[in-house]
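Structure file query_7.txt; described as compact mmCIF, C-alpha atoms.
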```txt
# COMPACT_ATOMS: atom_id res chain seq x y z
CA MET A 1 7.73 37.42 -36.20
CA LYS A 2 5.64 37.97 -33.07
CA PRO A 3 6.40 40.50 -30.28
CA LEU A 4 8.44 38.82 -27.52
CA ASN A 5 5.60 38.82 -24.95
CA TYR A 6 3.23 37.19 -27.45
CA ALA A 7 5.81 34.49 -28.21
CA MET A 8 6.18 33.80 -24.47
CA LEU A 9 2.43 33.38 -23.98
CA LYS A 10 2.09 31.27 -27.13
CA HIS A 11 4.85 28.96 -25.86
CA PHE A 12 2.68 28.07 -22.86
CA THR A 13 -0.09 26.90 -25.20
CA THR A 14 2.28 24.40 -26.84
CA VAL A 15 3.73 22.69 -23.74
CA PRO A 16 2.11 21.14 -20.63
CA GLU A 17 4.08 23.48 -18.33
CA ALA A 18 7.20 25.66 -18.40
CA CYS A 19 9.34 27.86 -16.18
CA VAL A 20 11.09 31.05 -17.33
CA GLN A 21 14.33 29.15 -17.95
CA ASP A 22 12.45 26.76 -20.31
CA VAL A 23 10.82 29.70 -22.12
CA MET A 24 14.18 31.44 -22.55
CA GLU A 25 15.76 28.30 -23.90
CA ALA A 26 12.93 27.77 -26.38
CA LEU A 27 12.88 31.37 -27.62
CA LYS A 28 16.63 32.04 -27.58
CA PRO A 29 17.25 31.23 -31.27
CA GLN A 30 14.69 33.84 -32.42
CA TYR A 31 14.71 36.41 -29.61
CA GLY A 32 18.09 35.96 -27.93
CA ASP A 33 19.44 39.23 -29.33
CA PHE A 34 16.43 41.30 -28.12
CA LYS A 35 17.34 43.83 -25.42
CA ALA A 36 14.13 42.84 -23.60
CA PHE A 37 15.27 39.18 -23.52
CA GLN A 38 16.16 39.43 -19.80
CA LYS A 39 15.20 36.93 -17.13
CA ASP A 40 13.84 39.48 -14.64
CA SER A 41 11.58 41.25 -17.11
CA MET A 42 10.40 37.92 -18.53
CA ILE A 43 9.56 36.62 -15.02
CA SER A 44 7.62 39.83 -14.42
CA ALA A 45 5.70 39.37 -17.71
CA ILE A 46 4.82 35.76 -16.85
CA MET A 47 3.70 36.69 -13.31
CA THR A 48 1.55 39.54 -14.73
CA ALA A 49 -0.08 37.06 -17.13
CA ALA A 50 -0.71 34.74 -14.15
CA ALA A 51 -2.12 37.62 -12.05
CA ASN A 52 -4.61 38.28 -14.86
CA GLY A 53 -5.67 34.65 -15.18
CA LEU A 54 -4.01 33.82 -18.52
CA LEU A 55 -1.65 31.35 -16.86
CA GLU A 56 -1.67 29.42 -13.60
CA GLU A 57 1.12 28.10 -11.42
CA SER A 58 1.58 24.34 -11.59
CA ARG A 59 4.52 23.76 -9.21
CA PHE A 60 7.87 25.09 -8.02
CA GLU A 61 11.22 23.70 -6.95
CA LEU A 62 14.87 24.58 -6.34
CA ASP A 63 17.20 23.40 -9.11
CA ASP A 64 20.76 22.05 -8.75
CA GLN A 65 22.11 25.61 -8.44
CA ASN A 66 19.61 26.34 -5.66
CA GLU A 67 17.72 28.63 -8.01
CA LEU A 68 13.94 28.80 -7.75
CA ARG A 69 12.03 27.47 -10.75
CA VAL A 70 8.32 28.29 -10.85
CA TYR A 71 6.36 26.36 -13.46
CA TYR A 72 3.23 27.76 -15.11
CA ARG A 73 0.67 26.31 -17.49
CA ALA A 74 -2.00 27.76 -19.72
CA HIS A 75 -5.27 26.29 -18.43
CA GLU A 76 -8.09 25.70 -20.92
CA GLU A 77 -9.67 29.14 -20.59
CA GLY A 78 -6.31 30.95 -20.53
CA ALA A 79 -5.11 29.09 -23.62
CA ALA A 80 -8.39 29.93 -25.39
CA THR A 81 -7.96 33.64 -24.55
CA ILE A 82 -4.33 33.64 -25.69
CA ASN A 83 -5.25 31.91 -28.95
CA THR A 84 -8.16 34.30 -29.53
CA TYR A 85 -6.03 37.43 -29.19
CA ILE A 86 -2.70 36.16 -30.47
CA GLU A 87 -2.64 34.37 -33.83
CA MET B 1 9.00 19.25 5.42
CA SER B 2 12.54 18.62 4.09
CA GLY B 3 15.21 21.34 4.19
CA SER B 4 15.21 21.80 0.42
CA SER B 5 11.42 22.07 0.15
CA ALA B 6 11.37 24.54 3.06
CA ALA B 7 13.97 26.62 1.20
CA ALA B 8 11.86 26.41 -1.98
CA PHE B 9 8.75 27.56 -0.10
CA ALA B 10 10.69 30.46 1.41
CA ALA B 11 12.09 31.49 -2.00
CA LYS B 12 8.63 31.25 -3.57
CA ALA B 13 7.03 33.32 -0.79
CA LYS B 14 9.77 35.93 -1.24
CA LEU B 15 9.17 36.08 -5.00
CA ASP B 16 5.37 36.46 -4.56
CA SER B 17 5.73 39.10 -1.87
CA SER B 18 8.28 41.07 -3.90
CA PHE B 19 6.01 40.99 -6.99
CA ARG B 20 3.03 42.26 -5.01
CA LYS B 21 5.04 44.97 -3.24
CA ARG B 22 6.54 46.07 -6.55
CA GLY B 23 3.05 46.24 -8.11
CA VAL B 24 1.72 48.44 -5.28
CA SER B 25 4.87 50.66 -5.35
CA ILE B 26 4.54 51.09 -9.12
CA ALA B 27 0.82 51.94 -8.86
CA LEU B 28 1.48 54.44 -6.03
CA THR B 29 4.38 56.03 -7.94
CA SER B 30 2.05 56.51 -10.90
CA GLY B 31 -0.07 58.77 -8.66
CA ILE B 32 3.00 60.85 -7.75
CA THR B 33 4.08 61.21 -11.40
CA TYR B 34 0.50 62.24 -12.22
CA GLY B 35 0.89 65.05 -9.67
CA LEU B 36 4.21 66.12 -11.24
CA TYR B 37 2.75 65.99 -14.76
CA THR B 38 -0.22 68.14 -13.66
CA ALA B 39 2.03 70.69 -11.93
CA PHE B 40 4.43 71.07 -14.88
CA MET B 41 1.60 71.21 -17.45
CA THR B 42 -0.14 73.89 -15.36
CA TYR B 43 3.13 75.84 -15.18
CA ALA B 44 3.80 75.44 -18.93
CA MET B 45 0.31 76.79 -19.68
CA SER B 46 1.16 79.96 -17.76
CA GLN B 47 4.43 80.66 -19.62
CA GLY B 48 5.36 82.37 -22.91
CA ILE B 49 2.52 82.81 -25.40
CA TRP B 50 0.11 81.06 -23.01
CA SER B 51 0.39 83.94 -20.50
CA ASP B 52 -0.88 86.26 -23.23
CA TRP B 53 -3.67 83.90 -24.38
CA TYR B 54 -4.95 83.44 -20.81
CA GLY B 55 -4.09 87.02 -19.74
CA ALA B 56 -4.08 90.14 -21.94
CA ASN B 57 -5.37 88.07 -24.91
CA THR B 58 -3.91 90.40 -27.56
CA THR B 59 -4.74 87.73 -30.18
CA GLY B 60 -8.45 88.36 -29.49
CA LEU B 61 -9.52 84.77 -28.79
CA SER B 62 -13.21 84.21 -28.03
CA ALA B 63 -14.29 83.06 -24.56
CA PHE B 64 -15.11 79.61 -26.04
CA ALA B 65 -11.63 79.34 -27.58
CA VAL B 66 -9.94 80.35 -24.31
CA ILE B 67 -11.87 77.72 -22.33
CA TYR B 68 -12.12 74.76 -24.70
CA LEU B 69 -9.65 75.22 -27.55
CA LEU B 70 -6.72 76.19 -25.33
CA GLY B 71 -7.55 73.36 -22.89
CA ALA B 72 -7.50 70.83 -25.73
CA LEU B 73 -4.36 72.39 -27.21
CA GLY B 74 -2.54 72.20 -23.86
CA ALA B 75 -3.46 68.50 -23.54
CA ALA B 76 -2.45 67.88 -27.17
CA VAL B 77 0.97 69.54 -26.78
CA THR B 78 1.65 67.60 -23.54
CA ASP B 79 0.52 64.26 -25.02
CA THR B 80 2.51 64.83 -28.21
CA SER B 81 5.70 65.58 -26.30
CA SER B 82 4.92 62.55 -24.12
CA ALA B 83 4.58 60.44 -27.29
CA VAL B 84 8.03 61.66 -28.43
CA TRP B 85 9.49 60.61 -25.04
CA ALA B 86 7.73 57.23 -25.19
CA PHE B 87 8.90 56.58 -28.77
CA SER B 88 12.50 57.62 -28.01
CA ILE B 89 12.78 55.63 -24.75
CA THR B 90 11.19 52.55 -26.34
CA ALA B 91 13.64 52.82 -29.27
CA ALA B 92 16.64 53.29 -26.93
CA ARG B 93 15.57 50.22 -24.91
CA GLY B 94 15.32 48.09 -28.06
CA ARG B 95 11.55 47.65 -28.06
CA ILE B 96 10.56 49.75 -31.08
CA GLY B 97 10.36 46.67 -33.34
CA ASP B 98 7.78 45.19 -30.94
CA PHE B 99 5.86 48.50 -31.04
CA PHE B 100 5.32 48.19 -34.83
CA ARG B 101 4.66 44.44 -34.57
CA THR B 102 2.13 44.91 -31.72
CA ILE B 103 0.10 47.84 -33.06
CA LYS B 104 -1.12 45.71 -36.01
CA THR B 105 -2.45 42.92 -33.76
CA LYS B 106 -5.78 42.48 -31.94
CA PRO B 107 -4.44 43.41 -28.44
CA GLY B 108 -2.67 46.41 -30.01
CA LYS B 109 -5.93 47.63 -31.54
CA VAL B 110 -7.74 47.13 -28.20
CA MET B 111 -5.02 49.29 -26.63
CA VAL B 112 -5.70 52.00 -29.24
CA VAL B 113 -9.44 51.91 -28.39
CA GLY B 114 -8.61 52.12 -24.66
CA ALA B 115 -6.33 55.10 -25.34
CA LEU B 116 -9.11 56.84 -27.29
CA PHE B 117 -11.52 56.32 -24.37
CA GLY B 118 -9.05 57.66 -21.83
CA GLY B 119 -7.32 60.24 -24.02
CA PRO B 120 -9.56 62.51 -26.11
CA ILE B 121 -12.97 61.22 -24.93
CA ALA B 122 -12.50 61.22 -21.12
CA SER B 123 -10.18 64.23 -21.07
CA THR B 124 -12.56 66.34 -23.14
CA ALA B 125 -15.56 65.24 -21.09
CA TYR B 126 -13.59 66.19 -17.96
CA VAL B 127 -12.73 69.68 -19.27
CA ILE B 128 -16.31 70.32 -20.43
CA GLY B 129 -17.70 68.96 -17.14
CA LEU B 130 -15.41 71.28 -15.16
CA GLN B 131 -16.60 74.25 -17.17
CA MET B 132 -20.29 73.35 -16.81
CA ALA B 133 -20.54 72.04 -13.23
CA GLY B 134 -17.44 73.36 -11.47
CA SER B 135 -15.02 71.48 -9.25
CA ILE B 136 -17.58 68.88 -8.07
CA ILE B 137 -16.39 67.10 -11.23
CA VAL B 138 -13.03 66.28 -9.58
CA PRO B 139 -14.46 63.73 -7.08
CA ILE B 140 -16.98 62.52 -9.68
CA SER B 141 -14.09 61.64 -11.99
CA ALA B 142 -12.40 59.92 -9.02
CA LEU B 143 -15.12 57.26 -9.32
CA CYS B 144 -13.04 55.74 -12.11
CA PRO B 145 -11.41 53.05 -9.87
CA ALA B 146 -14.89 51.82 -8.86
CA ILE B 147 -16.05 51.78 -12.48
CA GLY B 148 -12.80 50.11 -13.57
CA ALA B 149 -13.21 47.43 -10.88
CA ILE B 150 -16.81 46.75 -11.96
CA ILE B 151 -15.84 46.52 -15.66
CA ALA B 152 -12.91 44.24 -14.72
CA ARG B 153 -15.32 42.02 -12.77
CA PHE B 154 -17.48 41.41 -15.83
CA LEU B 155 -14.87 41.49 -18.61
CA PHE B 156 -11.95 39.75 -16.91
CA LYS B 157 -13.59 38.04 -13.91
CA GLN B 158 -11.38 39.91 -11.44
CA PRO B 159 -12.54 39.69 -7.79
CA LEU B 160 -14.94 42.33 -6.48
CA THR B 161 -15.84 41.69 -2.85
CA MET B 162 -17.64 43.86 -0.30
CA ARG B 163 -14.24 44.64 1.28
CA ILE B 164 -12.85 45.89 -2.06
CA LEU B 165 -15.98 48.00 -2.62
CA ALA B 166 -15.65 49.41 0.92
CA GLY B 167 -12.01 50.34 0.23
CA ILE B 168 -12.95 52.06 -3.02
CA ALA B 169 -15.70 53.97 -1.15
CA ILE B 170 -13.14 55.15 1.45
CA CYS B 171 -10.78 56.36 -1.35
CA PHE B 172 -13.70 58.14 -3.04
CA LEU B 173 -14.62 59.84 0.25
CA ALA B 174 -11.01 61.00 0.64
CA SER B 175 -11.05 62.48 -2.91
CA LEU B 176 -14.34 64.20 -2.09
CA LEU B 177 -12.80 65.74 1.06
CA ILE B 178 -9.76 67.02 -0.88
CA ALA B 179 -12.00 68.50 -3.58
CA SER B 180 -14.25 70.07 -0.93
CA THR B 181 -11.51 72.65 -0.26
CA SER B 182 -12.12 74.07 -3.73
CA LEU B 183 -15.89 73.55 -3.83
CA GLY B 184 -17.83 76.76 -3.66
CA GLY B 185 -20.53 78.72 -5.40
CA ASP B 186 -18.98 77.86 -8.76
CA ALA B 187 -21.77 75.61 -9.97
CA PRO B 188 -23.29 77.46 -12.88
CA GLU B 189 -26.32 76.65 -15.06
CA GLY B 190 -26.26 73.29 -16.79
CA MET B 191 -24.79 71.58 -13.76
CA ALA B 192 -26.74 68.34 -14.34
CA LEU B 193 -25.32 68.01 -17.85
CA GLY B 194 -21.89 68.85 -16.46
CA LEU B 195 -22.22 65.96 -13.98
CA VAL B 196 -23.07 63.66 -16.89
CA PHE B 197 -19.82 64.73 -18.58
CA GLY B 198 -18.00 64.02 -15.27
CA PHE B 199 -19.43 60.48 -15.29
CA ILE B 200 -18.40 60.05 -18.93
CA ALA B 201 -14.85 60.97 -17.90
CA ALA B 202 -14.97 58.46 -15.02
CA ILE B 203 -16.29 55.74 -17.37
CA GLY B 204 -13.63 56.57 -19.98
CA TRP B 205 -10.76 56.39 -17.49
CA GLY B 206 -12.27 53.37 -15.74
CA PHE B 207 -12.54 51.54 -19.07
CA GLU B 208 -9.02 52.56 -20.09
CA GLY B 209 -7.45 51.60 -16.76
CA CYS B 210 -9.03 48.19 -16.64
CA VAL B 211 -8.74 47.23 -20.33
CA CYS B 212 -5.23 48.60 -20.87
CA GLY B 213 -4.07 47.27 -17.49
CA TYR B 214 -5.25 43.81 -18.57
CA GLY B 215 -3.58 44.48 -21.93
CA THR B 216 -0.19 44.61 -20.22
CA SER B 217 -0.63 40.93 -19.41
CA MET B 218 -0.05 40.42 -23.15
CA ILE B 219 1.83 43.55 -24.23
CA ASP B 220 5.09 44.86 -22.73
CA SER B 221 4.14 47.94 -20.66
CA GLU B 222 6.70 50.17 -22.43
CA VAL B 223 5.30 49.16 -25.82
CA ALA B 224 1.73 49.60 -24.49
CA ILE B 225 2.37 53.12 -23.30
CA THR B 226 4.00 54.11 -26.59
CA ILE B 227 0.81 52.98 -28.35
CA ARG B 228 -1.25 54.94 -25.79
CA GLN B 229 0.66 58.21 -26.03
CA VAL B 230 1.02 58.16 -29.84
CA THR B 231 -2.74 57.48 -30.15
CA SER B 232 -3.70 60.11 -27.59
CA GLY B 233 -1.26 62.78 -28.88
CA LEU B 234 -2.25 62.35 -32.53
CA SER B 235 -6.00 62.09 -31.88
CA ASN B 236 -5.96 65.19 -29.68
CA LEU B 237 -3.95 67.11 -32.26
CA ILE B 238 -5.64 65.89 -35.45
CA ILE B 239 -9.24 65.42 -34.26
CA LEU B 240 -9.97 67.26 -31.01
CA VAL B 241 -8.14 70.56 -31.57
CA PRO B 242 -9.58 71.07 -35.12
CA ILE B 243 -13.12 70.26 -33.82
CA PHE B 244 -12.85 72.87 -31.06
CA GLY B 245 -11.21 75.22 -33.57
CA MET B 246 -14.19 74.90 -35.94
CA MET B 247 -16.65 75.32 -33.04
CA SER B 248 -14.90 78.47 -31.85
CA GLY B 249 -15.07 79.89 -35.40
CA ASP B 250 -11.98 82.04 -34.89
CA GLY B 251 -10.13 80.58 -37.89
CA MET B 252 -6.83 80.76 -35.99
CA THR B 253 -6.38 77.11 -35.00
CA LEU B 254 -3.39 76.35 -37.22
CA SER B 255 -1.66 79.54 -36.14
CA LEU B 256 -2.27 78.70 -32.44
CA VAL B 257 -0.90 75.17 -32.90
CA THR B 258 2.22 76.51 -34.66
CA GLN B 259 2.79 79.14 -31.98
CA ALA B 260 2.31 76.60 -29.18
CA PHE B 261 4.90 74.18 -30.64
CA THR B 262 7.52 76.89 -31.36
CA ASP B 263 7.11 78.82 -28.09
CA SER B 264 9.66 78.90 -25.23
CA SER B 265 7.05 77.18 -23.00
CA MET B 266 7.78 73.94 -24.94
CA LEU B 267 10.64 73.30 -22.49
CA TRP B 268 8.11 72.93 -19.66
CA PHE B 269 5.72 70.94 -21.85
CA ALA B 270 8.64 68.56 -22.50
CA VAL B 271 9.08 68.12 -18.72
CA ALA B 272 5.30 67.62 -18.31
CA GLY B 273 5.33 65.13 -21.22
CA PHE B 274 8.08 63.09 -19.56
CA PHE B 275 6.07 62.77 -16.34
CA ALA B 276 2.92 62.00 -18.36
CA TYR B 277 4.86 59.15 -20.02
CA LEU B 278 5.95 57.80 -16.62
CA ASN B 279 2.48 58.26 -15.15
CA PHE B 280 0.60 56.26 -17.78
CA MET B 281 3.27 53.57 -18.08
CA LEU B 282 3.30 52.99 -14.32
CA TRP B 283 -0.51 53.18 -14.20
CA TYR B 284 -0.89 50.44 -16.83
CA LYS B 285 1.88 48.33 -15.31
CA GLY B 286 0.52 48.70 -11.75
CA ASN B 287 -3.02 47.80 -12.90
CA GLY B 288 -1.65 44.74 -14.70
CA MET B 289 0.33 43.56 -11.67
CA CYS B 290 -2.27 44.34 -8.94
CA GLY B 291 -5.61 44.07 -10.76
CA ALA B 292 -7.85 47.00 -11.65
CA ALA B 293 -9.36 47.67 -8.19
CA LEU B 294 -6.09 47.94 -6.23
CA GLY B 295 -3.99 49.40 -9.06
CA MET B 296 -6.45 52.15 -9.89
CA SER B 297 -7.06 53.04 -6.24
CA CYS B 298 -3.30 53.38 -5.63
CA ASN B 299 -3.13 55.60 -8.70
CA GLY B 300 -6.22 57.47 -7.43
CA ALA B 301 -4.01 58.89 -4.68
CA TYR B 302 -3.27 61.52 -7.36
CA SER B 303 -6.16 63.42 -5.70
CA PHE B 304 -3.58 64.04 -2.94
CA TRP B 305 -0.35 64.07 -4.99
CA GLY B 306 -1.79 66.57 -7.52
CA PRO B 307 -2.37 69.39 -5.00
CA LEU B 308 0.86 68.45 -3.12
CA CYS B 309 3.03 68.63 -6.27
CA CYS B 310 1.32 71.87 -7.35
CA TRP B 311 2.04 73.35 -3.89
CA VAL B 312 5.72 72.25 -3.90
CA ILE B 313 6.51 73.07 -7.55
CA LEU B 314 4.23 76.03 -8.29
CA GLY B 315 3.87 77.46 -4.78
CA ILE B 316 7.28 76.87 -3.16
CA PHE B 317 9.66 76.45 -6.13
CA PHE B 318 8.19 79.02 -8.54
CA GLY B 319 6.71 81.25 -5.81
CA ILE B 320 3.19 81.44 -7.29
CA ASP B 321 0.45 82.30 -4.75
CA GLY B 322 -2.71 80.27 -4.17
CA TRP B 323 -1.34 76.70 -4.16
CA GLU B 324 -1.09 76.12 -0.37
CA MET B 325 -2.31 72.73 0.94
CA GLN B 326 -5.29 72.69 3.28
CA PRO B 327 -5.05 70.56 6.50
CA ILE B 328 -8.01 68.48 5.30
CA ALA B 329 -5.88 67.31 2.34
CA TRP B 330 -3.35 65.75 4.75
CA PHE B 331 -6.14 64.06 6.71
CA SER B 332 -7.62 62.78 3.44
CA ALA B 333 -4.25 61.33 2.42
CA VAL B 334 -4.23 59.20 5.59
CA LEU B 335 -7.84 58.17 4.90
CA MET B 336 -6.87 57.22 1.35
CA VAL B 337 -4.05 54.98 2.63
CA ALA B 338 -6.63 53.25 4.86
CA GLY B 339 -8.83 52.74 1.78
CA ILE B 340 -5.97 51.31 -0.29
CA VAL B 341 -4.99 48.92 2.54
CA THR B 342 -8.63 47.79 2.79
CA ILE B 343 -8.65 46.93 -0.93
CA ALA B 344 -5.24 45.24 -0.83
CA MET B 345 -5.85 43.04 2.20
CA ASN B 346 -8.24 42.27 5.01
CA PRO B 347 -7.13 44.72 7.75
CA LEU B 348 -7.97 42.01 10.33
CA ASP B 349 -5.12 39.91 8.84
CA LEU B 350 -2.67 42.42 10.35
CA PHE B 351 -3.76 41.24 13.81
CA LYS B 352 -3.85 37.59 12.75
CA LYS B 353 -0.24 37.83 11.52
CA LYS B 354 0.78 39.31 14.83
CA GLU B 355 -0.87 36.43 16.63
CA ALA B 356 0.85 33.93 14.33
CA VAL B 357 4.27 35.50 14.97
CA GLN B 358 3.64 35.41 18.73
CA TYR B 359 2.56 31.76 18.44
CA GLU B 360 5.68 30.85 16.45
CA ALA B 361 7.89 32.69 18.93
CA ALA B 362 6.28 30.81 21.79
```
As a first step, turn the structure in this file into structure tokens.
Amino acid sequence: MKPLNYAMLKHFTTVPEACVQDVMEALKPQYGDFKAFQKDSMISAIMTAAANGLLEESRFELDDQNELRVYYRAHEEGAATINTYIE
Amino acid sequence: MSGSSAAAFAAKAKLDSSFRKRGVSIALTSGITYGLYTAFMTYAMSQGIWSDWYGANTTGLSAFAVIYLLGALGAAVTDTSSAVWAFSITAARGRIGDFFRTIKTKPGKVMVVGALFGGPIASTAYVIGLQMAGSIIVPISALCPAIGAIIARFLFKQPLTMRILAGIAICFLASLLIASTSLGGDAPEGMALGLVFGFIAAIGWGFEGCVCGYGTSMIDSEVAITIRQVTSGLSNLIILVPIFGMMSGDGMTLSLVTQAFTDSSMLWFAVAGFFAYLNFMLWYKGNGMCGAALGMSCNGAYSFWGPLCCWVILGIFFGIDGWEMQPIAWFSAVLMVAGIVTIAMNPLDLFKKKEAVQYEAA
């Protein structure tokens, strides 16, 4: 089992793009009972990865509940870095 | 622009702005906690058995042991208690499993190397530099944000513009002004070598700040700091203290370590360790969120917070003489804010924004 942050980054290398809600849904079966499995801290982790060039924003929108969804993707170089450091 | 897309743009701008403000606040707070950690460690090293070691010295420690061995022991006791805090808080917050899972991985090992650079290597170089060249080492070590920004430029392709360099130079000048209050005729022989040690400290902390800050883009900052403090505490205690013990030749190292950990001063080392935990966690997190140049310069305000916290805690609260703040330190704090703003944004944008607001209002 990988640390939660690693699993989040790895998820971006397997899909074209994802927002935090998508990541939480995908990781819930394995990590749902983790205390760190909180939306705010996961958004912060994703934005930190984006600030350091591992991910990039692809688009954003408001969903049906008027909640902001920001989508990110792992560009070629970011995905290569993630795959180099995280097996 | 439709109403819903305008609302989305507003929500997105709010999220970005809040992330950036939180990053800068975290990085600035790390400087304050550094000041508190320094003040409480200094106080702890003046209490209990430490007052005898540094004062009457009834144990008969050599001059070398008093300068180097006790310095390393003080750092080791603080880092070890900080590691206990980090481990306990990480466990209480349900992240201890990730600590063991992370430390075996490549980013975890990089974090250990970063901690070794910043922990025993830079700290020891700093102590030796201080002893050899005097307090000129303080501003020399404050070059670490510049070094961190340069390393980050090459390793992680983070931006390094003339404006960022100018901001770092302003922060360095402010540190130099603060240190100038304690500069005097205390530069003994071997000053050139002492300056080299000061640069080694700056390189060590610059490397640690940039590499471990980047590391928090992969590793949870609470897990990262537990790795850092456990590595630093153990390496100081198991490697550094015995090396200085052997060099001092007193044969009392084990006894000193035992006395230090069972002394009443441990209460204050526990307080210092807590602030050391906060300091490094916020430093790493701030560097990760803001980038090395801005994060490390915000943290570099410790040049101001250190003397301020020592004045408030040691001077005012505990009534110890000699910790008053000089007026130049207050001036330097304002200068440092100007430097940090210069790194964070183009100061001319402040005027542009004003113009934009006026235009919108019109």
Within 6 Å of chain B: each chain A residue with its shortest pair, all atoms listed in the file, as CSV:
```
residue,atom,partner,partner_atom,distance
A:Pro3,CA,B:Asp98,CA,4.9
A:Lys35,CA,B:Gly94,CA,5.4
A:Thr48,CA,B:Met289,CA,5.2
A:Ala49,CA,B:Ser217,CA,4.5
A:Glu61,CA,B:Ala8,CA,5.7
A:Leu62,CA,B:Ala8,CA,5.6
A:Tyr85,CA,B:Lys106,CA,5.8
```
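Nearest residue to Val341 of chain B, choosing from B:Ile170, B:Ile67, B:Ala149, B:Val84 and counting all atoms listed in the file: B:Ile170.
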Distance atom CA of Thr38 of chain B-atom CA of Phe280 of chain B, one decimal place? 12.6 Å
Residues near segment 333-338 of chain B, cut-off 12 Å, only C-alpha atoms, skip fewer than 5 positions along chain, as a PyMOL selection string: chain B and resi 24+28+164+166-178+294+297-308+325-328+343-347
I need the chosen residues saved as a CSV table (one decimal), in the coordinates of the input, with C-alpha atoms.
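Below is the file that was written, part_39.csv:
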```csv
chain,number,residue,atom,x,y,z
B,24,VAL,CA,1.7,48.4,-5.3
B,28,LEU,CA,1.5,54.4,-6.0
B,164,ILE,CA,-12.8,45.9,-2.1
B,166,ALA,CA,-15.6,49.4,0.9
B,167,GLY,CA,-12.0,50.3,0.2
B,168,ILE,CA,-13.0,52.1,-3.0
B,169,ALA,CA,-15.7,54.0,-1.2
B,170,ILE,CA,-13.1,55.2,1.4
B,171,CYS,CA,-10.8,56.4,-1.4
B,172,PHE,CA,-13.7,58.1,-3.0
B,173,LEU,CA,-14.6,59.8,0.2
B,174,ALA,CA,-11.0,61.0,0.6
B,175,SER,CA,-11.0,62.5,-2.9
B,176,LEU,CA,-14.3,64.2,-2.1
B,177,LEU,CA,-12.8,65.7,1.1
B,178,ILE,CA,-9.8,67.0,-0.9
B,294,LEU,CA,-6.1,47.9,-6.2
B,297,SER,CA,-7.1,53.0,-6.2
B,298,CYS,CA,-3.3,53.4,-5.6
B,299,ASN,CA,-3.1,55.6,-8.7
B,300,GLY,CA,-6.2,57.5,-7.4
B,301,ALA,CA,-4.0,58.9,-4.7
B,302,TYR,CA,-3.3,61.5,-7.4
B,303,SER,CA,-6.2,63.4,-5.7
B,304,PHE,CA,-3.6,64.0,-2.9
B,305,TRP,CA,-0.4,64.1,-5.0
B,306,GLY,CA,-1.8,66.6,-7.5
B,307,PRO,CA,-2.4,69.4,-5.0
B,308,LEU,CA,0.9,68.4,-3.1
B,325,MET,CA,-2.3,72.7,0.9
B,326,GLN,CA,-5.3,72.7,3.3
B,327,PRO,CA,-5.0,70.6,6.5
B,328,ILE,CA,-8.0,68.5,5.3
B,343,ILE,CA,-8.6,46.9,-0.9
B,344,ALA,CA,-5.2,45.2,-0.8
B,345,MET,CA,-5.8,43.0,2.2
B,346,ASN,CA,-8.2,42.3,5.0
B,347,PRO,CA,-7.1,44.7,7.8
```
Spatial neighbours of segment 72-76 of chain A, max dist 10 Å, all atoms listed in the file, sep filter under 6 positions, as a list in words: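 In the requested form, the answer reads Leu9, Lys10, His11, Phe12, Thr13, Thr14, Val15, Pro16, Glu17, Ala18, Cys19, Val20, Ile46, Met47, Ala49, Ala50, Gly53, Leu54, Leu55, Glu56, Glu57, Ser58, Arg59, Phe60 and Ile82 of chain A.
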Can segment 50-59 of chain A be brought up to N, CA and C atoms and written out as a JSON list (two decimals), in the coordinates of the input?
```json
[["chain", "number", "residue", "atom", "x", "y", "z"],
["A", 50, "ALA", "N", -0.08, 35.61, -15.15],
["A", 50, "ALA", "CA", -0.71, 34.74, -14.15],
["A", 50, "ALA", "C", -1.67, 35.54, -13.27],
["A", 51, "ALA", "N", -1.26, 36.78, -12.90],
["A", 51, "ALA", "CA", -2.12, 37.62, -12.05],
["A", 51, "ALA", "C", -3.43, 37.97, -12.76],
["A", 52, "ASN", "N", -3.39, 37.97, -14.10],
["A", 52, "ASN", "CA", -4.61, 38.28, -14.86],
["A", 52, "ASN", "C", -5.32, 37.05, -15.38],
["A", 53, "GLY", "N", -4.92, 35.87, -14.88],
["A", 53, "GLY", "CA", -5.67, 34.65, -15.18],
["A", 53, "GLY", "C", -5.36, 34.00, -16.52],
["A", 54, "LEU", "N", -4.33, 34.48, -17.24],
["A", 54, "LEU", "CA", -4.01, 33.82, -18.52],
["A", 54, "LEU", "C", -3.24, 32.53, -18.27],
["A", 55, "LEU", "N", -2.43, 32.53, -17.22],
["A", 55, "LEU", "CA", -1.65, 31.35, -16.86],
["A", 55, "LEU", "C", -1.94, 30.99, -15.41],
["A", 56, "GLU", "N", -1.56, 29.79, -15.02],
["A", 56, "GLU", "CA", -1.67, 29.42, -13.60],
["A", 56, "GLU", "C", -0.40, 28.67, -13.19],
["A", 57, "GLU", "N", -0.06, 28.81, -11.93],
["A", 57, "GLU", "CA", 1.12, 28.10, -11.42],
["A", 57, "GLU", "C", 0.83, 26.62, -11.35],
["A", 58, "SER", "N", 1.81, 25.77, -11.74],
["A", 58, "SER", "CA", 1.58, 24.34, -11.59],
["A", 58, "SER", "C", 2.42, 23.76, -10.45],
["A", 59, "ARG", "N", 3.68, 24.23, -10.32],
["A", 59, "ARG", "CA", 4.52, 23.76, -9.21],
["A", 59, "ARG", "C", 5.77, 24.62, -9.13]]
```
